[in-house]
>>> print(open('protein-v4.cif').read())   # mmCIF, C-alpha atoms and all ligand atoms
data_protein
#
loop_
_atom_site.label_atom_id
_atom_site.label_comp_id
_atom_site.auth_asym_id
_atom_site.auth_seq_id
_atom_site.Cartn_x
_atom_site.Cartn_y
_atom_site.Cartn_z
CA MET A 1 178.25 103.42 154.46
CA ARG A 2 179.63 106.78 155.47
CA ARG A 3 178.05 108.81 152.68
CA GLN A 4 174.60 107.43 153.33
CA ARG A 5 174.90 108.40 156.99
CA LEU A 6 175.97 111.88 155.96
CA VAL A 7 172.90 112.21 153.71
CA SER A 8 170.53 111.29 156.51
CA LEU A 9 172.07 113.70 159.05
CA PRO A 10 169.86 116.65 160.02
CA SER A 11 171.54 119.92 159.08
CA ARG A 12 170.99 123.11 161.00
CA SER A 13 173.96 125.32 160.26
CA ARG A 14 174.98 126.71 156.86
CA LEU A 15 178.34 124.97 157.33
CA ARG A 16 176.60 121.67 157.89
CA SER A 17 174.41 122.03 154.79
CA THR A 18 177.45 122.95 152.69
CA SER A 19 179.24 119.79 153.72
CA LEU A 20 176.03 117.88 153.08
CA ALA A 21 175.88 119.31 149.57
CA LEU A 22 179.53 118.40 148.97
CA GLY A 23 178.79 114.89 150.22
CA LEU A 24 175.86 114.59 147.83
CA LEU A 25 178.02 115.80 144.97
CA ALA A 26 180.64 113.19 145.77
CA PHE A 27 177.92 110.57 146.01
CA ALA A 28 176.50 111.64 142.64
CA ALA A 29 180.01 111.44 141.14
CA VAL A 30 180.30 107.84 142.37
CA LEU A 31 176.87 107.02 140.94
CA SER A 32 177.62 108.55 137.53
CA GLY A 33 180.87 106.57 137.38
CA GLY A 34 184.23 108.29 137.81
CA ALA A 35 186.22 105.79 135.72
CA PRO A 36 187.20 106.91 132.18
CA ALA A 37 185.86 103.64 130.74
CA ALA A 38 182.40 104.44 132.06
CA ARG A 39 182.49 108.05 130.81
CA ALA A 40 183.55 106.96 127.31
CA ALA A 41 180.16 105.29 126.94
CA SER A 42 178.34 108.57 127.74
CA LYS A 43 175.83 109.71 125.14
CA LEU A 44 174.99 113.32 124.36
CA HIS A 45 171.29 114.19 124.14
CA VAL A 46 171.16 116.72 121.32
CA ILE A 47 168.21 118.78 120.10
CA ALA A 48 168.38 120.27 116.61
CA THR A 49 165.90 122.90 115.47
CA VAL A 50 165.67 121.68 111.84
CA GLY A 51 166.15 118.48 109.84
CA ASP A 52 169.42 119.39 108.09
CA LEU A 53 171.16 120.15 111.40
CA GLY A 54 169.65 117.04 112.99
CA ALA A 55 170.91 114.83 110.17
CA ILE A 56 174.44 116.29 110.29
CA ALA A 57 174.53 116.05 114.10
CA ARG A 58 173.50 112.39 113.86
CA GLU A 59 176.43 111.68 111.49
CA VAL A 60 178.87 113.30 113.92
CA LEU A 61 177.54 111.65 117.07
CA GLY A 62 177.29 108.14 115.62
CA ASN A 63 176.50 105.78 118.48
CA ALA A 64 177.73 108.26 121.08
CA GLY A 65 174.62 110.41 121.19
CA GLU A 66 171.03 110.83 120.09
CA VAL A 67 169.21 113.62 118.26
CA VAL A 68 165.67 114.98 118.40
CA VAL A 69 164.55 117.49 115.73
CA LEU A 70 162.02 120.14 116.77
CA ALA A 71 160.57 121.38 113.44
CA LYS A 72 158.76 118.94 111.19
CA PRO A 73 160.38 118.65 107.74
CA THR A 74 157.16 120.00 106.20
CA GLN A 75 157.20 123.16 108.38
CA ASP A 76 158.71 126.47 107.33
CA PRO A 77 161.41 126.88 110.03
CA HIS A 78 160.70 130.62 110.13
CA PHE A 79 157.25 129.83 111.55
CA VAL A 80 157.17 126.69 113.69
CA ASP A 81 154.30 126.20 116.11
CA ALA A 82 155.90 126.42 119.59
CA ARG A 83 154.03 123.43 121.00
CA PRO A 84 154.62 123.04 124.77
CA ASN A 85 155.65 119.39 124.33
CA LEU A 86 158.82 120.65 122.59
CA ILE A 87 159.83 122.05 126.00
CA LEU A 88 160.05 118.50 127.37
CA ASP A 89 162.58 117.60 124.67
CA LEU A 90 164.64 120.69 125.50
CA ASN A 91 164.47 120.09 129.24
CA ARG A 92 166.75 117.03 129.17
CA ALA A 93 169.10 118.18 126.39
CA ASP A 94 172.89 118.42 126.72
CA ALA A 95 173.05 120.58 123.61
CA LEU A 96 170.78 122.60 121.33
CA VAL A 97 171.92 123.07 117.72
CA SER A 98 170.18 125.97 115.96
CA MET A 99 170.68 127.84 112.67
CA GLY A 100 170.85 131.34 114.21
CA LEU A 101 170.49 134.66 112.31
CA ASP A 102 166.97 134.91 113.78
CA TYR A 103 165.78 131.98 111.62
CA GLU A 104 164.06 130.48 114.69
CA VAL A 105 163.48 133.73 116.60
CA GLY A 106 159.69 133.52 116.30
CA TRP A 107 159.40 130.30 118.32
CA LEU A 108 162.68 129.03 119.83
CA PRO A 109 163.49 131.59 122.59
CA VAL A 110 160.22 130.99 124.44
CA LEU A 111 160.83 127.22 124.39
CA VAL A 112 164.44 127.52 125.58
CA LYS A 113 163.38 129.80 128.41
CA GLY A 114 160.52 127.46 129.32
CA SER A 115 162.87 124.46 129.43
CA ARG A 116 164.70 125.93 132.48
CA ASN A 117 167.71 123.97 131.23
CA GLY A 118 170.88 125.96 132.02
CA LYS A 119 172.96 123.87 129.61
CA ILE A 120 171.26 125.27 126.50
CA GLN A 121 170.61 128.90 127.39
CA ASN A 122 172.25 131.53 125.13
CA GLY A 123 176.00 131.64 125.68
CA SER A 124 176.17 128.23 127.42
CA ALA A 125 178.57 125.60 126.04
CA GLY A 126 175.56 123.54 124.96
CA SER A 127 174.02 126.37 122.93
CA ILE A 128 175.48 125.72 119.46
CA VAL A 129 174.70 128.10 116.57
CA ALA A 130 175.50 126.78 113.09
CA SER A 131 175.58 130.21 111.41
CA THR A 132 178.85 130.89 113.28
CA MET A 133 180.48 128.03 111.32
CA VAL A 134 179.83 129.17 107.72
CA PRO A 135 180.57 132.21 105.50
CA LEU A 136 177.37 134.28 105.46
CA ARG A 137 175.58 135.90 102.51
CA GLU A 138 173.33 138.95 102.36
CA VAL A 139 174.29 140.37 105.74
CA PRO A 140 172.55 143.79 105.82
CA GLN A 141 174.91 146.77 106.00
CA GLN A 142 172.33 148.68 107.99
CA ARG A 143 170.19 147.34 110.80
CA VAL A 144 167.02 145.68 109.49
CA ASP A 145 164.02 145.67 111.77
CA ARG A 146 161.73 142.66 111.66
CA SER A 147 158.79 145.04 112.05
CA MET A 148 159.57 146.21 108.50
CA GLY A 149 158.71 142.67 107.43
CA ASP A 150 162.14 141.41 106.41
CA ILE A 151 162.74 138.13 108.23
CA HIS A 152 166.45 137.92 107.35
CA PRO A 153 167.75 140.71 109.61
CA GLY A 154 171.12 139.11 110.37
CA GLY A 155 171.88 137.74 106.89
CA ASN A 156 170.47 134.88 104.82
CA PRO A 157 169.90 131.81 107.08
CA HIS A 158 169.33 129.20 104.32
CA PHE A 159 173.00 128.13 104.27
CA THR A 160 172.52 124.36 104.63
CA LEU A 161 171.39 124.16 100.96
CA ASP A 162 175.09 124.39 99.98
CA PRO A 163 176.71 121.02 100.83
CA ARG A 164 180.08 122.72 101.36
CA ASN A 165 178.43 124.37 104.37
CA GLY A 166 177.14 120.96 105.47
CA ALA A 167 180.80 119.89 105.69
CA ARG A 168 181.78 123.00 107.67
CA ILE A 169 178.93 122.42 110.11
CA ALA A 170 179.95 118.77 110.64
CA ARG A 171 183.48 119.88 111.61
CA GLY A 172 182.12 122.62 113.85
CA LEU A 173 179.75 120.23 115.62
CA ALA A 174 182.55 117.69 116.20
CA GLU A 175 184.51 120.42 117.98
CA ARG A 176 181.60 121.60 120.10
CA PHE A 177 180.34 118.11 120.98
CA GLY A 178 183.93 117.21 121.89
CA ASN A 179 183.99 120.09 124.38
CA LEU A 180 180.82 118.74 126.00
CA ALA A 181 181.99 115.09 126.08
CA PRO A 182 185.83 115.16 125.97
CA ASP A 183 186.11 111.37 126.11
CA ASN A 184 184.28 111.16 122.80
CA ARG A 185 186.26 113.97 121.14
CA ALA A 186 188.34 111.68 118.90
CA LEU A 187 185.29 109.65 117.94
CA TYR A 188 183.30 112.75 116.94
CA ALA A 189 186.25 114.04 114.87
CA GLN A 190 186.56 110.66 113.16
CA ASN A 191 182.82 110.51 112.40
CA ALA A 192 182.93 114.06 111.00
CA ASP A 193 185.92 113.15 108.78
CA ALA A 194 184.12 110.12 107.36
CA PHE A 195 180.98 112.16 106.69
CA VAL A 196 182.88 115.06 105.09
CA ASN A 197 184.82 112.66 102.81
CA ARG A 198 181.56 111.12 101.63
CA LEU A 199 179.92 114.52 101.20
CA ASP A 200 182.93 115.99 99.32
CA ALA A 201 182.91 113.09 96.86
CA LYS A 202 179.18 113.53 96.25
CA THR A 203 179.59 117.31 95.90
CA LYS A 204 182.14 116.79 93.08
CA GLU A 205 179.67 114.46 91.38
CA TRP A 206 176.79 116.96 91.79
CA ASP A 207 179.01 119.76 90.39
CA GLN A 208 179.62 117.70 87.26
CA ARG A 209 176.01 116.65 86.81
CA LEU A 210 174.79 120.26 86.96
CA ALA A 211 177.74 121.93 85.18
CA SER A 212 175.68 122.36 81.99
CA ARG A 213 173.06 124.35 83.95
CA ARG A 214 175.50 127.03 85.14
CA GLY A 215 174.37 130.52 84.13
CA THR A 216 170.67 129.54 83.95
CA ALA A 217 168.32 132.34 85.02
CA VAL A 218 165.94 131.28 87.82
CA VAL A 219 163.42 132.81 90.19
CA SER A 220 162.66 131.72 93.75
CA TYR A 221 159.54 132.07 95.87
CA HIS A 222 161.31 133.05 99.12
CA LYS A 223 164.95 134.18 99.30
CA SER A 224 165.88 130.59 100.24
CA PHE A 225 168.26 129.58 97.48
CA THR A 226 171.07 132.15 97.59
CA TYR A 227 173.62 129.58 98.83
CA LEU A 228 172.37 126.84 96.47
CA GLU A 229 172.55 129.23 93.50
CA ASP A 230 176.03 130.44 94.47
CA TRP A 231 177.20 126.83 94.64
CA LEU A 232 175.69 125.79 91.29
CA GLY A 233 176.17 129.04 89.36
CA LEU A 234 172.44 129.66 88.86
CA VAL A 235 171.47 133.32 88.36
CA GLU A 236 168.52 134.57 90.42
CA VAL A 237 166.59 137.27 88.55
CA GLY A 238 163.89 137.85 91.18
CA THR A 239 161.75 136.48 93.99
CA ILE A 240 157.99 136.03 94.17
CA GLU A 241 157.95 137.48 97.69
CA PRO A 242 158.84 141.18 97.31
CA LYS A 243 160.90 140.89 100.55
CA PRO A 244 161.70 137.83 102.68
CA GLY A 245 158.50 137.10 104.62
CA ILE A 246 156.23 139.52 102.68
CA PRO A 247 153.55 137.72 100.59
CA PRO A 248 153.41 138.44 96.84
CA ASN A 249 151.17 141.20 95.45
CA ALA A 250 149.81 141.71 91.91
CA ALA A 251 152.03 144.67 90.96
CA HIS A 252 155.22 142.90 92.05
CA VAL A 253 154.22 139.68 90.24
CA ALA A 254 153.49 141.59 87.00
CA GLU A 255 156.96 143.20 87.17
CA LEU A 256 158.55 139.82 87.89
CA VAL A 257 156.82 138.18 84.91
CA ASN A 258 158.25 140.89 82.61
CA GLU A 259 161.72 140.44 84.07
CA MET A 260 161.50 136.66 83.67
CA ARG A 261 160.54 137.02 80.00
CA THR A 262 163.39 139.45 79.34
CA ARG A 263 165.98 137.32 81.16
CA LYS A 264 164.55 134.02 79.87
CA ALA A 265 164.16 132.50 83.34
CA ALA A 266 163.95 128.71 83.00
CA ALA A 267 162.76 127.70 86.47
CA ILE A 268 160.98 128.81 89.63
CA LEU A 269 162.47 127.25 92.77
CA GLN A 270 160.17 126.91 95.73
CA GLU A 271 160.21 124.97 98.98
CA ARG A 272 157.24 122.64 99.37
CA TRP A 273 155.98 124.40 102.48
CA TYR A 274 154.93 127.53 100.55
CA PRO A 275 151.60 127.78 98.70
CA SER A 276 152.19 127.06 95.01
CA SER A 277 149.24 128.82 93.30
CA VAL A 278 151.11 132.07 92.49
CA ALA A 279 154.17 130.20 91.22
CA GLU A 280 151.95 127.96 89.05
CA SER A 281 150.29 131.01 87.54
CA ILE A 282 153.70 132.63 86.82
CA ALA A 283 154.95 129.37 85.31
CA GLY A 284 151.89 129.32 83.05
CA GLN A 285 152.55 132.90 81.88
CA THR A 286 156.30 132.55 81.30
CA GLY A 287 156.89 128.89 80.41
CA ALA A 288 159.35 128.54 83.33
CA ARG A 289 159.26 125.17 85.12
CA LEU A 290 158.16 125.10 88.76
CA VAL A 291 160.64 123.06 90.85
CA LEU A 292 159.23 122.07 94.25
CA ILE A 293 162.14 121.47 96.58
CA PRO A 294 162.08 119.63 99.91
CA GLY A 295 163.27 122.33 102.29
CA MET A 296 164.86 120.15 104.95
CA THR A 297 166.19 116.60 105.43
CA PRO A 298 163.23 114.43 106.55
CA ASP A 299 163.11 112.78 109.99
CA HIS A 300 165.93 110.23 110.27
CA GLY A 301 166.83 110.86 106.63
CA SER A 302 170.37 111.51 105.42
CA TYR A 303 171.66 114.96 104.45
CA VAL A 304 173.45 113.48 101.41
CA ASP A 305 170.19 111.90 100.17
CA HIS A 306 168.41 115.21 100.75
CA ILE A 307 170.85 117.19 98.56
CA GLU A 308 170.74 114.35 96.00
CA GLU A 309 166.96 114.77 95.78
CA ILE A 310 167.36 118.51 95.15
CA VAL A 311 170.01 117.92 92.47
CA ARG A 312 167.73 115.38 90.73
CA ALA A 313 164.82 117.84 90.77
CA LEU A 314 167.04 120.52 89.16
CA GLU A 315 168.38 118.07 86.54
CA ALA A 316 164.83 117.10 85.59
CA ALA A 317 163.47 120.66 85.39
CA ILE A 318 166.29 122.74 83.93
CA PRO A 319 167.47 122.01 80.36
CA ALA A 320 171.22 121.78 79.77
CA ARG A 321 172.65 124.93 78.18
CA ALA A 322 174.64 124.41 75.01
CA GLY A 323 178.31 125.17 75.70
CA ALA A 324 177.75 125.90 79.41
CA GLY A 325 179.96 124.39 82.12
CA LYS A 326 181.93 121.22 81.28
ZN ZN A 401 164.15 132.81 104.97
#
>>> encode(input="protein-v4.cif", output="structure tokens")
Amino acid sequence: MRRQRLVSLPSRSRLRSTSLALGLLAFAAVLSGGAPAARAASKLHVIATVGDLGAIAREVLGNAGEVVVLAKPTQDPHFVDARPNLILDLNRADALVSMGLDYEVGWLPVLVKGSRNGKIQNGSAGSIVASTMVPLREVPQQRVDRSMGDIHPGGNPHFTLDPRNGARIARGLAERFGNLAPDNRALYAQNADAFVNRLDAKTKEWDQRLASRRGTAVVSYHKSFTYLEDWLGLVEVGTIEPKPGIPPNAAHVAELVNEMRTRKAAAILQERWYPSSVAESIAGQTGARLVLIPGMTPDHGSYVDHIEEIVRALEAAIPARAGAGK
């Protein structure tokens, strides 16, 4: 076979090695299958930083791709342990889906660099940032330095807690995955449509179930629930952390307890990965209910089930307000 002979030829000149490289490329193209039918079966290897993005990516890819999630669902995505074995996952990825806004800045860049995978470096087609697909909240007007302690320097990154953003991300991923695997473009769009239809129907149902809680005053541990509160019409009257990423102190907590009494805060929302002792103490002093919320979709769980679990927790903890919503 001609190509095999070409591969085994000794090359001395630059010209010779160029033609050798071209020959190898052609050979590789034959091996990987040039026919459209073969390419249509190609699967994208996708890495997602967190569970919500992994679950949405899985819906969009269907059978035409596979997803690995880097952060465990019990880990605060702001502070994931950058274990070297995560580099192996990144090394063979076609795409990396991250939240952006510096949510993963403490651990992801070192892993991406270590992966030596050109497909997922910043600015590559396979580097997909979900925060570019949604309307952002709390974008600072002036530059915020992480050294000042605030870990939301580019705006609030907790946008997947609003299911309407889940739908936007599904559409965005279909587009970006379609660019990477054009033969699957129609399939990804179709999968995204089916997912968004299901999610939209559930979102209407969730709206109705929580309509009587609109206007309820709540407090959160971390500034995690801005998008959730916007969606459901809950009114945040304070946070237990004085600033995103800064642990609570006694003076701030005392002020917060006063504010909660004045504003009649009914609930404290907190992701399960934060310590709950301070929130329990505040709940004891104010009578507000502590609602522990799963922060991210669990491994191989569904995003719809994840939001359903949050809605159920809110229904159970927050009393309906007479005359509210409906
Ligand atoms: Zn945060």
>>> residues_near_ligand(input="protein-v4.cif", ligand="ligand ZN 401 (chain A)", cutoff="7 Å", atoms="all atoms listed in the file", output="VMD selection string")
chain A and resid 78 103 151 to 152 156 to 158 222 to 224 244
>>> write_last_selection(input="protein-v4.cif", atoms="C-alpha atoms", output="short mmCIF file (atom, residue, chain, number, x, y, z; two decimals), in the frame of the given file")
data_model
loop_
_atom_site.label_atom_id
_atom_site.label_comp_id
_atom_site.auth_asym_id
_atom_site.auth_seq_id
_atom_site.Cartn_x
_atom_site.Cartn_y
_atom_site.Cartn_z
CA HIS A 78 160.70 130.62 110.13
CA TYR A 103 165.78 131.98 111.62
CA ILE A 151 162.74 138.13 108.23
CA HIS A 152 166.45 137.92 107.35
CA ASN A 156 170.47 134.88 104.82
CA PRO A 157 169.90 131.81 107.08
CA HIS A 158 169.33 129.20 104.32
CA HIS A 222 161.31 133.05 99.12
CA LYS A 223 164.95 134.18 99.30
CA SER A 224 165.88 130.59 100.24
CA PRO A 244 161.70 137.83 102.68
#
>>> closest_residue(input="protein-v4.cif", among="A:Pro109, A:His306, A:Tyr221, A:Ala317", to="Ser277 of chain A", atoms="only C-alpha atoms")
A:Tyr221
>>> closest_residue(input="protein-v4.cif", among="A:Val235, A:Val129, A:Ala57, A:Val50", to="Ala192 of chain A", atoms="only C-alpha atoms")
A:Ala57
>>> residues_near_point(input="protein-v4.cif", point="(179.6, 118.9, 121.7)", cutoff="9 Å", atoms="only C-alpha atoms", output="list in words")
Leu44, Val46, Leu61, Asp94, Ala95, Ala125, Gly126, Ile128, Leu173, Ala174, Glu175, Arg176, Phe177, Gly178, Asn179, Leu180, Ala181, Pro182, Arg185 and Tyr188 of chain A
>>> atom_distance(input="protein-v4.cif", atom1="atom CA of Pro73 of chain A", atom2="atom CA of Pro294 of chain A")
8.1 Å
>>> atom_distance(input="protein-v4.cif", atom1="atom CA of Gly155 of chain A", atom2="atom CA of Val69 of chain A")
23.3 Å
>>> closest_residue(input="protein-v4.cif", among="A:Ile282, A:Leu292, A:Leu96, A:Val304", to="Asn197 of chain A", atoms="only C-alpha atoms")
A:Val304
>>> atom_distance(input="protein-v4.cif", atom1="atom CA of Leu187 of chain A", atom2="atom CA of Gly65 of chain A")
11.2 Å
>>> residues_around(input="protein-v4.cif", residues="His252 of chain A", least_positions_apart="4", cutoff="12 Å", atoms="all atoms listed in the file", output="list in words")
Gly238, Thr239, Ile240, Glu241, Pro242, Lys243, Ile246, Pro247, Pro248, Leu256, Val257, Asn258, Glu259, Val278 and Ile282 of chain A
>>> decode(input="protein-v4.cif", residues="segment 293-304 of chain A", atoms="N, CA, C and O atoms", output="tab-separated table (two decimals), in the first residue's frame")
chain	number	residue	atom	x	y	z
A	293	ILE	N	-30.38	23.62	50.88
A	293	ILE	CA	-30.66	23.45	49.46
A	293	ILE	C	-29.50	22.72	48.79
A	293	ILE	O	-28.34	23.09	49.00
A	294	PRO	N	-29.81	21.66	48.00
A	294	PRO	CA	-28.72	21.02	47.26
A	294	PRO	C	-28.21	22.01	46.22
A	294	PRO	O	-28.98	22.55	45.43
A	295	GLY	N	-26.92	22.28	46.23
A	295	GLY	CA	-26.39	23.36	45.40
A	295	GLY	C	-26.34	23.02	43.92
A	295	GLY	O	-26.51	23.89	43.07
A	296	MET	N	-26.10	21.76	43.61
A	296	MET	CA	-25.92	21.36	42.21
A	296	MET	C	-26.63	20.03	41.94
A	296	MET	O	-26.80	19.22	42.85
A	297	THR	N	-27.00	19.80	40.69
A	297	THR	CA	-27.55	18.52	40.26
A	297	THR	C	-26.55	17.41	40.60
A	297	THR	O	-25.37	17.54	40.30
A	298	PRO	N	-27.01	16.32	41.26
A	298	PRO	CA	-26.07	15.24	41.59
A	298	PRO	C	-25.58	14.49	40.35
A	298	PRO	O	-26.17	14.63	39.27
A	299	ASP	N	-24.53	13.71	40.53
A	299	ASP	CA	-23.95	12.93	39.42
A	299	ASP	C	-25.03	12.13	38.71
A	299	ASP	O	-25.76	11.37	39.35
A	300	HIS	N	-25.13	12.30	37.41
A	300	HIS	CA	-26.08	11.57	36.57
A	300	HIS	C	-27.53	11.82	36.96
A	300	HIS	O	-28.43	11.08	36.58
A	301	GLY	N	-27.76	12.88	37.74
A	301	GLY	CA	-29.13	13.27	38.06
A	301	GLY	C	-29.67	14.18	36.97
A	301	GLY	O	-28.94	14.58	36.06
A	302	SER	N	-30.98	14.52	37.07
A	302	SER	CA	-31.55	15.40	36.06
A	302	SER	C	-31.72	16.81	36.63
A	302	SER	O	-32.04	16.99	37.82
A	303	TYR	N	-31.51	17.80	35.79
A	303	TYR	CA	-31.62	19.21	36.19
A	303	TYR	C	-33.05	19.52	36.62
A	303	TYR	O	-33.27	20.23	37.61
A	304	VAL	N	-34.03	18.95	35.91
A	304	VAL	CA	-35.44	19.18	36.26
A	304	VAL	C	-35.73	18.63	37.67
A	304	VAL	O	-36.35	19.31	38.49
